[in-house]
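J.: Sharing my_file-v9.pdb below, PDB, C-alpha atoms:
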MODEL        1
ATOM      1  CA  MET A 779      19.752   1.681 -31.652
ATOM      2  CA  GLY A 780      19.613   2.965 -28.065
ATOM      3  CA  VAL A 781      16.981   5.210 -26.570
ATOM      4  CA  SER A 782      18.225   8.492 -25.171
ATOM      5  CA  ILE A 783      16.246  10.032 -22.324
ATOM      6  CA  GLU A 784      17.097  13.413 -20.880
ATOM      7  CA  SER A 785      15.918  13.977 -17.334
ATOM      8  CA  ASN A 786      16.859  15.773 -14.151
ATOM      9  CA  TYR A 787      15.953  12.589 -12.292
ATOM     10  CA  LEU A 788      18.891  10.475 -11.276
ATOM     11  CA  PRO A 789      18.065   6.847 -10.538
ATOM     12  CA  SER A 790      18.140   5.831  -6.880
ATOM     13  CA  ARG A 791      19.842   2.770  -5.437
ATOM     14  CA  GLY A 792      18.314  -0.230  -7.147
ATOM     15  CA  SER A 793      17.262   1.730 -10.231
ATOM     16  CA  SER A 794      18.824   1.237 -13.611
ATOM     17  CA  TRP A 795      18.842   3.026 -16.931
ATOM     18  CA  THR A 796      17.983   0.686 -19.782
ATOM     19  CA  GLY A 797      16.008   3.123 -21.879
ATOM     20  CA  LEU A 798      13.710   3.490 -18.866
ATOM     21  CA  SER A 799      14.674   3.302 -15.210
ATOM     22  CA  ILE A 800      13.051   0.590 -13.138
ATOM     23  CA  PHE A 801      13.092   0.375  -9.359
ATOM     24  CA  GLU A 802      13.638  -3.045  -7.912
ATOM     25  CA  MET A 803      13.833  -3.643  -4.191
ATOM     26  CA  ASP A 804      15.206  -6.982  -3.114
ATOM     27  CA  ILE A 805      13.722  -8.841  -0.178
ATOM     28  CA  ASN A 806      16.678  -7.941   2.063
ATOM     29  CA  GLN A 807      16.157  -4.211   1.433
ATOM     30  CA  PHE A 808      12.436  -4.640   2.138
ATOM     31  CA  GLU A 809      13.090  -6.588   5.344
ATOM     32  CA  GLU A 810      15.550  -3.939   6.537
ATOM     33  CA  ALA A 811      13.243  -0.995   5.716
ATOM     34  CA  LEU A 812       9.977  -2.499   7.029
ATOM     35  CA  PRO A 813      10.419  -1.808  10.802
ATOM     36  CA  LYS A 814      11.273   1.874  10.310
ATOM     37  CA  PHE A 815       8.510   2.269   7.724
ATOM     38  CA  ASN A 816       6.028   0.630  10.110
ATOM     39  CA  SER A 817       7.036   3.064  12.877
ATOM     40  CA  LEU A 818       6.405   5.991  10.519
ATOM     41  CA  LEU A 819       3.063   4.465   9.553
ATOM     42  CA  LEU A 820       2.028   4.232  13.217
ATOM     43  CA  GLU A 821       3.105   7.801  13.892
ATOM     44  CA  HIS A 822       1.668   9.501  10.810
ATOM     45  CA  LEU A 823      -1.398   7.550   9.660
ATOM     46  CA  SER A 824      -4.544   9.709   9.599
ATOM     47  CA  ALA A 825      -6.795   6.940  10.949
ATOM     48  CA  PRO A 826      -6.975   5.410  14.450
ATOM     49  CA  ILE A 827      -4.958   2.195  14.580
ATOM     50  CA  PHE A 828      -6.634  -0.689  16.380
ATOM     51  CA  LYS A 829      -3.930  -3.316  15.808
ATOM     52  CA  ASN A 830      -0.482  -3.396  14.214
ATOM     53  CA  TYR A 831       2.390  -5.847  14.060
ATOM     54  CA  ILE A 832       5.253  -7.104  11.918
ATOM     55  CA  ARG A 833       5.763 -10.834  11.500
ATOM     56  CA  ASN A 834       7.929 -13.126   9.440
ATOM     57  CA  SER A 835       6.511 -15.790   7.159
ATOM     58  CA  LEU A 836       8.037 -18.324   4.801
ATOM     59  CA  ILE A 837       7.327 -15.978   1.889
ATOM     60  CA  SER A 838       8.235 -12.550   3.258
ATOM     61  CA  PRO A 839       8.174 -10.456   6.400
ATOM     62  CA  TYR A 840       4.924  -8.493   6.514
ATOM     63  CA  SER A 841       3.215  -5.671   8.325
ATOM     64  CA  TYR A 842      -0.428  -6.049   9.429
ATOM     65  CA  THR A 843      -2.572  -3.052  10.418
ATOM     66  CA  ARG A 844      -6.246  -2.770  11.395
ATOM     67  CA  ILE A 845      -7.888   0.641  11.547
ATOM     68  CA  GLU A 846     -11.438   1.404  12.694
ATOM     69  CA  ARG A 847     -13.740   4.384  12.613
ATOM     70  CA  ALA A 848     -17.371   5.308  13.020
ATOM     71  CA  PRO A 849     -19.476   5.058   9.854
ATOM     72  CA  LYS A 850     -20.237   8.237   7.968
ATOM     73  CA  ARG A 851     -22.638   9.068   5.171
ATOM     74  CA  VAL A 852     -21.040   9.483   1.772
ATOM     75  CA  ASP A 853     -23.982  11.009  -0.043
ATOM     76  CA  THR A 854     -26.869  12.781   1.620
ATOM     77  CA  ILE A 855     -29.191  12.516  -1.397
ATOM     78  CA  ASN A 856     -29.748   8.763  -1.044
ATOM     79  CA  THR A 857     -31.908   8.202   2.021
ATOM     80  CA  ASN A 858     -32.095   4.403   1.869
ATOM     81  CA  PRO A 859     -29.929   3.241   4.812
ATOM     82  CA  LEU A 860     -29.745  -0.278   3.333
ATOM     83  CA  ASN A 861     -27.978   0.999   0.243
ATOM     84  CA  LYS A 862     -24.313   0.294   0.933
ATOM     85  CA  SER A 863     -23.175   2.852  -1.634
ATOM     86  CA  SER A 864     -24.285   5.564   0.794
ATOM     87  CA  TRP A 865     -21.910   4.438   3.558
ATOM     88  CA  SER A 866     -18.141   4.314   3.830
ATOM     89  CA  TRP A 867     -16.048   1.600   5.445
ATOM     90  CA  LEU A 868     -16.175   0.950   9.205
ATOM     91  CA  SER A 869     -12.873  -0.859   9.544
ATOM     92  CA  ALA A 870     -10.035  -1.839   7.286
ATOM     93  CA  GLU A 871      -7.223  -4.334   7.553
ATOM     94  CA  PHE A 872      -4.172  -4.139   5.369
ATOM     95  CA  THR A 873      -0.906  -5.965   4.961
ATOM     96  CA  ILE A 874       2.286  -4.949   3.262
ATOM     97  CA  HIS A 875       4.615  -7.700   2.121
ATOM     98  CA  TYR A 876       7.185  -8.291  -0.575
ATOM     99  CA  ASP A 877       6.228  -9.682  -3.969
ATOM    100  CA  ASN A 878       9.086 -11.898  -5.175
ATOM    101  CA  PHE A 879       7.961 -11.930  -8.809
ATOM    102  CA  TYR A 880       7.547  -8.164  -9.303
ATOM    103  CA  ARG A 881      10.257  -7.320  -6.735
ATOM    104  CA  VAL A 882       8.115  -4.584  -5.159
ATOM    105  CA  PRO A 883       5.993  -4.196  -2.021
ATOM    106  CA  LEU A 884       2.427  -5.517  -2.269
ATOM    107  CA  PHE A 885      -0.581  -3.915  -0.545
ATOM    108  CA  SER A 886      -3.518  -6.194   0.354
ATOM    109  CA  PHE A 887      -6.611  -5.047   2.228
ATOM    110  CA  ARG A 888     -10.071  -6.002   3.484
ATOM    111  CA  LEU A 889     -12.962  -3.695   4.333
ATOM    112  CA  ASP A 890     -16.002  -4.606   6.369
ATOM    113  CA  LEU A 891     -18.258  -2.253   4.407
ATOM    114  CA  LEU A 892     -17.178  -1.594   0.857
ATOM    115  CA  LEU A 893     -18.606   1.136  -1.328
ATOM    116  CA  VAL A 894     -20.193  -0.134  -4.500
ATOM    117  CA  ASP A 895     -17.506   1.311  -6.691
ATOM    118  CA  SER A 896     -15.259  -0.525  -9.099
ATOM    119  CA  ASN A 897     -11.536   0.017  -8.868
ATOM    120  CA  SER A 898      -9.498  -1.173 -11.833
ATOM    121  CA  TYR A 899      -6.309  -1.212  -9.753
ATOM    122  CA  CYS A 900      -7.606  -3.958  -7.471
ATOM    123  CA  ALA A 901      -8.409  -7.649  -7.633
ATOM    124  CA  ILE A 902      -9.396 -10.346  -5.134
ATOM    125  CA  ASP A 903      -7.110 -13.287  -4.502
ATOM    126  CA  ILE A 904      -5.967 -15.608  -1.737
ATOM    127  CA  HIS A 905      -3.431 -13.766   0.433
ATOM    128  CA  PRO A 906      -0.136 -15.643  -0.057
ATOM    129  CA  ILE A 907       0.783 -15.421   3.630
ATOM    130  CA  LEU A 908      -2.542 -15.428   5.512
ATOM    131  CA  GLN A 909      -4.242 -17.864   3.087
ATOM    132  CA  ASN A 910      -7.695 -16.265   2.924
ATOM    133  CA  PRO A 911      -9.365 -13.872   0.443
ATOM    134  CA  TRP A 912      -8.090 -10.280   0.373
ATOM    135  CA  ILE A 913      -8.367  -7.407  -2.068
ATOM    136  CA  TYR A 914      -4.980  -6.359  -3.358
ATOM    137  CA  MET A 915      -3.555  -3.636  -5.527
ATOM    138  CA  HIS A 916      -1.958  -5.391  -8.456
ATOM    139  CA  PRO A 917       1.826  -4.785  -8.450
ATOM    140  CA  CYS A 918       2.448  -4.907 -12.213
ATOM    141  CA  GLU A 919       2.695  -1.111 -12.664
ATOM    142  CA  THR A 920       4.298  -0.300  -9.304
ATOM    143  CA  SER A 921       7.854  -0.012 -10.631
ATOM    144  CA  SER A 922       6.966   2.231 -13.556
ATOM    145  CA  THR A 923       4.606   4.380 -11.444
ATOM    146  CA  MET A 924       7.138   4.853  -8.660
ATOM    147  CA  ASP A 925       9.918   5.470 -11.163
ATOM    148  CA  GLY A 926       8.839   9.082 -11.688
ATOM    149  CA  ILE A 927       8.822   9.797  -7.947
ATOM    150  CA  GLY A 928      12.151  10.655  -6.348
ATOM    151  CA  TRP A 929      13.146   8.950  -3.094
ATOM    152  CA  THR A 930      16.212   9.005  -0.921
ATOM    153  CA  ASP A 931      16.299   5.478   0.511
ATOM    154  CA  ASP A 932      14.201   2.315   0.891
ATOM    155  CA  VAL A 933      12.133   3.693   3.795
ATOM    156  CA  ASP A 934      11.389   6.892   1.845
ATOM    157  CA  TYR A 935      10.367   4.713  -1.123
ATOM    158  CA  LEU A 936       7.914   2.759   1.088
ATOM    159  CA  VAL A 937       6.452   5.973   2.571
ATOM    160  CA  LYS A 938       5.850   7.458  -0.893
ATOM    161  CA  TRP A 939       4.584   4.139  -2.234
ATOM    162  CA  ILE A 940       1.977   3.740   0.551
ATOM    163  CA  GLY A 941       0.852   7.335  -0.020
ATOM    164  CA  MET A 942       0.222   6.488  -3.672
ATOM    165  CA  VAL A 943      -1.586   3.266  -2.704
ATOM    166  CA  PHE A 944      -3.863   5.018  -0.209
ATOM    167  CA  LEU A 945      -4.679   7.721  -2.752
ATOM    168  CA  MET A 946      -5.673   5.104  -5.327
ATOM    169  CA  VAL A 947      -7.586   2.542  -3.238
ATOM    170  CA  LEU A 948      -8.404   4.021   0.195
ATOM    171  CA  PRO A 949      -8.499   7.812  -0.322
ATOM    172  CA  ASP A 950      -9.973   8.404   3.156
ATOM    173  CA  ILE A 951      -6.607   7.383   4.659
ATOM    174  CA  GLN A 952      -3.499   9.505   4.418
ATOM    175  CA  MET A 953       0.075   9.155   5.529
ATOM    176  CA  ARG A 954       0.779  12.586   6.987
ATOM    177  CA  TYR A 955       4.527  12.362   6.887
ATOM    178  CA  ILE A 956       6.775  15.306   6.153
ATOM    179  CA  VAL A 957      10.249  14.522   4.894
ATOM    180  CA  GLN A 958      12.759  16.088   7.260
TER     181      GLN A 958
ENDMDL
END
Take the structure in this file and express it as structure tokens.
T.:
Amino acid sequence: MGVSIESNYLPSRGSSWTGLSIFEMDINQFEEALPKFNSLLLEHLSAPIFKNYIRNSLISPYSYTRIERAPKRVDTINTNPLNKSSWSWLSAEFTIHYDNFYRVPLFSFRLDLLLVDSNSYCAIDIHPILQNPWIYMHPCETSSTMDGIGWTDDVDYLVKWIGMVFLMVLPDIQMRYIVQ
């Protein structure tokens, strides 16, 4: 017995209807879209970029970005300057690479001053390319989450995906990109 789903959404390239549509990006699509996406990131990111590059690795091509800013108070009620929960991050590093198992982009990041706040979307693991500890947003729900968002091509997918990631894990950062 098949499942019938009525929707105005038509699956994009790489999507399929098997009861539910699932987006899968292969590594070649990711590699092709990454340079243009990185250019859009540089142009439209709402934080000052200190360092940015794209490199190849044995696992996947990846984008590395470091952003920095002056510290700011998060809450004015707590007057203890040693309490880290009253300060926001000073700098952040993040990478975007391809996850071969989930067939989606993977966002990993490090902060030099992290708010004491749990985030169920994130875990800490050894970065598969850089081989040191990073926080990452687990990719297991990426396909189903992005499935409800329309996109026109692989670059548009990456732009909308990073906007979702920033909203969930680094809400102080925005990708101020307007689709032309």
J.: Considering only C-alpha atoms, return as a PyMOL selection string whatever protein or nucleic-acid residues lie within 6 Å of stretch 902-915 of chain A, sequence-local ones (same chain, fewer than 3 positions apart) excluded.
T.: chain A and resi 885-888+899
J.: Kindly provide the residues of stretch 814-854 of chain A that approach stretch 928-935 of chain A to within 12 Å, each paired with its closest atom pair and their distance in Å to one decimal, based on only C-alpha atoms, listed by chain and increasing number, as a Markdown table.
T.:
| residue | atom | partner | partner_atom | distance |
| --- | --- | --- | --- | --- |
| A:Lys814 | CA | A:Val933 | CA | 6.8 |
| A:Phe815 | CA | A:Val933 | CA | 5.5 |
| A:Asn816 | CA | A:Val933 | CA | 9.3 |
| A:Ser817 | CA | A:Val933 | CA | 10.4 |
| A:Leu818 | CA | A:Val933 | CA | 9.1 |
| A:Leu819 | CA | A:Val933 | CA | 10.8 |
J.: Which residue gives the smallest distance to A:Ser841 among A:Ala870, A:Val937, A:Cys918, A:Leu812, with all atoms listed in the file counted?
T.: A:Leu812
J.: Going by the chain IDs and residue numbers used in this file, which residues fall under the PyMOL selection byres ((chain A and resi 944-947) around 10)? Write them as a VMD selection string.
T.: chain A and resid 885 887 897 to 900 914 to 915 939 to 943 948 to 953
J.: Evaluate the PyMOL selection byres ((chain A and resi 871) around 8) here and jot the selected residues down as a list in words.
T.: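 Applying the PyMOL selection byres ((chain A and resi 871) around 8) to the structure shown produces Tyr842, Thr843, Arg844, Ile845, Ser869, Ala870, Phe872, Thr873, Phe887, Arg888 and Leu889 of chain A.
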J.: Give the answer as one residue: which of A:Asp877, A:Glu919, A:Asp925, A:Asp890 has the shortest atom-to-atom distance to A:Glu809, using all atoms listed in the file?
T.: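 Selected residue with least distance to A:Glu809: A:Asp877.
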J.: Using only C-alpha atoms, which of the listed residues (A:Leu868, A:Pro883, A:His916, A:His822) sits closest to A:Met803?
T.: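 Of A:Leu868, A:Pro883, A:His916, A:His822, the one nearest A:Met803 is A:Pro883, counting only C-alpha atoms.
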J.: What does the distance from atom CA of A:Lys829 to atom CA of A:Phe808 come to in Å, to one decimal?
T.: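 These atoms are spaced 21.4 Å apart.
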J.: Please evaluate the PyMOL selection byres ((chain A and resi 804) around 9) against the structure above and give the resulting residues as a ChimeraX atom specification.
T.: /A:792,802-803,805-809,876,878,881-882
J.: What is the distance between atom CA of A:His875 and atom CA of A:Asn834, in Å to one decimal?
T.: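 Between atom CA of A:His875 and atom CA of A:Asn834 the gap works out to 9.7 Å.
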J.: At what distance in Å, to one decimal, does atom CA of A:Leu884 lie from atom CA of A:Thr923?
T.: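 One can read the atom CA of A:Thr923 to atom CA of A:Leu884 distance as 13.7 Å.
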J.: May I ask which of the residues A:Ala901, A:Gly926, A:Glu810, A:Arg954 is the closest one to A:Ala825, counting only C-alpha atoms?
T.: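 For A:Ala825, the nearest of the candidates is A:Arg954.
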J.: Using all atoms listed in the file, which of the listed residues (A:Leu823, A:Ile874, A:Ile927, A:Leu936) sits closest to A:Ser838?
T.: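 Answer, going by the shortest atom-to-atom distance: A:Ile874.
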